[in-house]
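Asker: One structure follows; several queries about it will come next.
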Amino acid sequence: MLPFSHRYLRPEVVQDDSKRMRVQIEAAFENFVHHGDRHKIATQLEALSGGKIPLGQAGYMWHFFFEHGELRDILDVISITYKFLKNSMPIEKSSQWGEYIQFAFDTHNMRYRMSDDGSVVLRVDEEFEEARAATLSGLQQQRYTAARIEFETAYKALSVENPDGKRAVRSMFEAAEIVFKMMFADAQRLAGPQLGQHLKPFIIGNYAADHPARQAAERLLQGFTEWVASAQYYRHGQGQEEPNQPPLEIAVTLMGAGASYLRWLIHLDQAKLAAGA
């Protein structure tokens, strides 16, 4: 049985932190770690990251820590606790701890997940998140509102408990197509021939004064064309009731490359606007 809040009030936007998640983690810590063993977790945190659990007259102030402590320290404590339970308790204890923490992450749509070794990691990887942040900053202008909505939808589709890679790739493609069609009013869609007809001449002119840059840009355009062709496999229906989902590693790669090409398109669009072309 799922509580009402789990069914209907789960945040749609991926969260970095959550007060309710902290409460759940504290409750799990109280349940899994005996009072006499908690100092071992605290000293490990100090040794590994320099984080400190506040001390009061009665000892470590764990409640204050989980409520007000730095998020990085709380995430480190999760991993340290997993290792402690694995080394000192029956094997099922560490597994149960990991499952409970994952449940808390999923309940509040957190950006994190438990890895197989008990570490807390980003749901996909750090490079993936950095690409997202870098591209999103370029989409903040009002001109790119529609593209930004599709871009955010793409990342949201991979950040849920059951990632939807097909939706992610389709939305990333849509974001790139929106910018491309804004750049070239005569372009009907984002496709290889259209890139050759519209974007290639602009690239040659834009980098005309820098021969190595022009050559590199033309090579990048070849890669962009291949990305467009690859994304098409998941953009259109596959003639079956439940279209195949791309393997997560394929979806992540397509997303990362798509974000890079989208950033480049934004830069070229701004150059085109500045030149009045």
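In the structure tokens, chains take letters A, B, ... by order of appearance, with residues numbered from 1 within each chain and ligands from 1 in the order shown.
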So that I can see what lies close to Glu174 in chain A, please list as JSON, numbers by chain the residues with an atom at most 12 Å from it, counting only C-alpha atoms and leaving out residues fewer than 2 positions away in the same chain.
Answerer: {"A": [146, 147, 148, 149, 150, 151, 152, 153, 154, 167, 168, 169, 170, 171, 172, 176, 177, 178, 179, 180, 181, 189, 190, 191, 228, 231, 232, 234, 235, 236, 255, 258, 259, 262]}
Asker: I need the residues in range 6-232 of chain A that are strand (DSSP E) according to DSSP; give them as a PyMOL selection string.
Answerer: chain A and resi 55-56+59-60+112-114+120-122
Asker: Take the residues from that selection and put them in a file with C-alpha atoms, as a PDB file, in the first residue's frame.
Answerer:
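So the final result, stored in part.pdb, reads:
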ATOM      1  CA  LEU A  55      28.344  17.658  20.095  1.00  0.00           C
ATOM      2  CA  GLY A  56      26.067  18.498  22.994  1.00  0.00           C
ATOM      3  CA  GLY A  59      26.863  13.433  23.132  1.00  0.00           C
ATOM      4  CA  TYR A  60      26.467  13.616  19.370  1.00  0.00           C
ATOM      5  CA  TYR A 112      20.730  10.685  -6.176  1.00  0.00           C
ATOM      6  CA  ARG A 113      20.723   6.898  -6.126  1.00  0.00           C
ATOM      7  CA  MET A 114      22.468   4.139  -4.225  1.00  0.00           C
ATOM      8  CA  VAL A 120      25.592   7.727  -3.111  1.00  0.00           C
ATOM      9  CA  VAL A 121      25.949   8.819  -6.731  1.00  0.00           C
ATOM     10  CA  LEU A 122      24.082  11.092  -9.100  1.00  0.00           C
TER      11      LEU A 122
END
Asker: Would you kindly return, as an MDAnalysis selection string, each protein, DNA or RNA residue with an atom no farther than 12 Å from any atom of Ala104 in chain A, considering only C-alpha atoms and excluding same-chain residues fewer than 3 positions away?
Answerer: chainID A and resid 6 10 15 17:28 78 97:101 107:114 161
Asker: Mind dumping the selected residues with C-alpha atoms as a PDB file, in the first residue's frame?
Answerer:
ATOM      1  CA  HIS A   6       3.560   8.843  -2.576  1.00  0.00           C
ATOM      2  CA  ARG A  10       5.714  13.155  -5.452  1.00  0.00           C
ATOM      3  CA  GLN A  15      15.245  17.720  -6.050  1.00  0.00           C
ATOM      4  CA  ASP A  17      17.544  18.393  -1.029  1.00  0.00           C
ATOM      5  CA  SER A  18      14.374  17.711   0.936  1.00  0.00           C
ATOM      6  CA  LYS A  19      13.407  18.151   4.582  1.00  0.00           C
ATOM      7  CA  ARG A  20      11.175  15.096   4.408  1.00  0.00           C
ATOM      8  CA  MET A  21      13.958  13.006   2.908  1.00  0.00           C
ATOM      9  CA  ARG A  22      16.188  14.051   5.808  1.00  0.00           C
ATOM     10  CA  VAL A  23      13.515  12.919   8.270  1.00  0.00           C
ATOM     11  CA  GLN A  24      13.321   9.519   6.562  1.00  0.00           C
ATOM     12  CA  ILE A  25      17.103   9.114   6.587  1.00  0.00           C
ATOM     13  CA  GLU A  26      17.262  10.016  10.275  1.00  0.00           C
ATOM     14  CA  ALA A  27      14.518   7.489  11.050  1.00  0.00           C
ATOM     15  CA  ALA A  28      16.455   4.801   9.156  1.00  0.00           C
ATOM     16  CA  ILE A  78      24.689   7.269   4.156  1.00  0.00           C
ATOM     17  CA  TRP A  97      19.697   0.075   4.506  1.00  0.00           C
ATOM     18  CA  GLY A  98      20.447   0.672   0.830  1.00  0.00           C
ATOM     19  CA  GLU A  99      16.897  -0.222  -0.185  1.00  0.00           C
ATOM     20  CA  TYR A 100      15.393   2.100   2.411  1.00  0.00           C
ATOM     21  CA  ILE A 101      17.628   5.014   1.378  1.00  0.00           C
ATOM     22  CA  THR A 107       9.840   9.130  -2.899  1.00  0.00           C
ATOM     23  CA  HIS A 108      11.075  12.706  -3.115  1.00  0.00           C
ATOM     24  CA  ASN A 109      12.458  12.510  -6.670  1.00  0.00           C
ATOM     25  CA  MET A 110      15.996  13.190  -5.532  1.00  0.00           C
ATOM     26  CA  ARG A 111      18.937  13.584  -7.870  1.00  0.00           C
ATOM     27  CA  TYR A 112      20.730  10.685  -6.176  1.00  0.00           C
ATOM     28  CA  ARG A 113      20.723   6.898  -6.126  1.00  0.00           C
ATOM     29  CA  MET A 114      22.468   4.139  -4.225  1.00  0.00           C
ATOM     30  CA  GLU A 161      12.414   6.160 -10.841  1.00  0.00           C
TER      31      GLU A 161
END
Asker: What's around Gly165 in chain A at 10 Å? Count only C-alpha atoms, leave out sequence neighbours fewer than 4 positions away in its own chain, and write the answer as a list in words.
Answerer: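 Near neighbours after the sequence-gap exclusion: Ala154, Tyr155, Ala157, Leu158, Ser159, Val169, Arg170, Ser171, Tyr234, Asn244, Gln245, Pro246, Pro247, Leu248, Glu249, Ile250, Ala251, Val252, Leu254 and Met255 of chain A.
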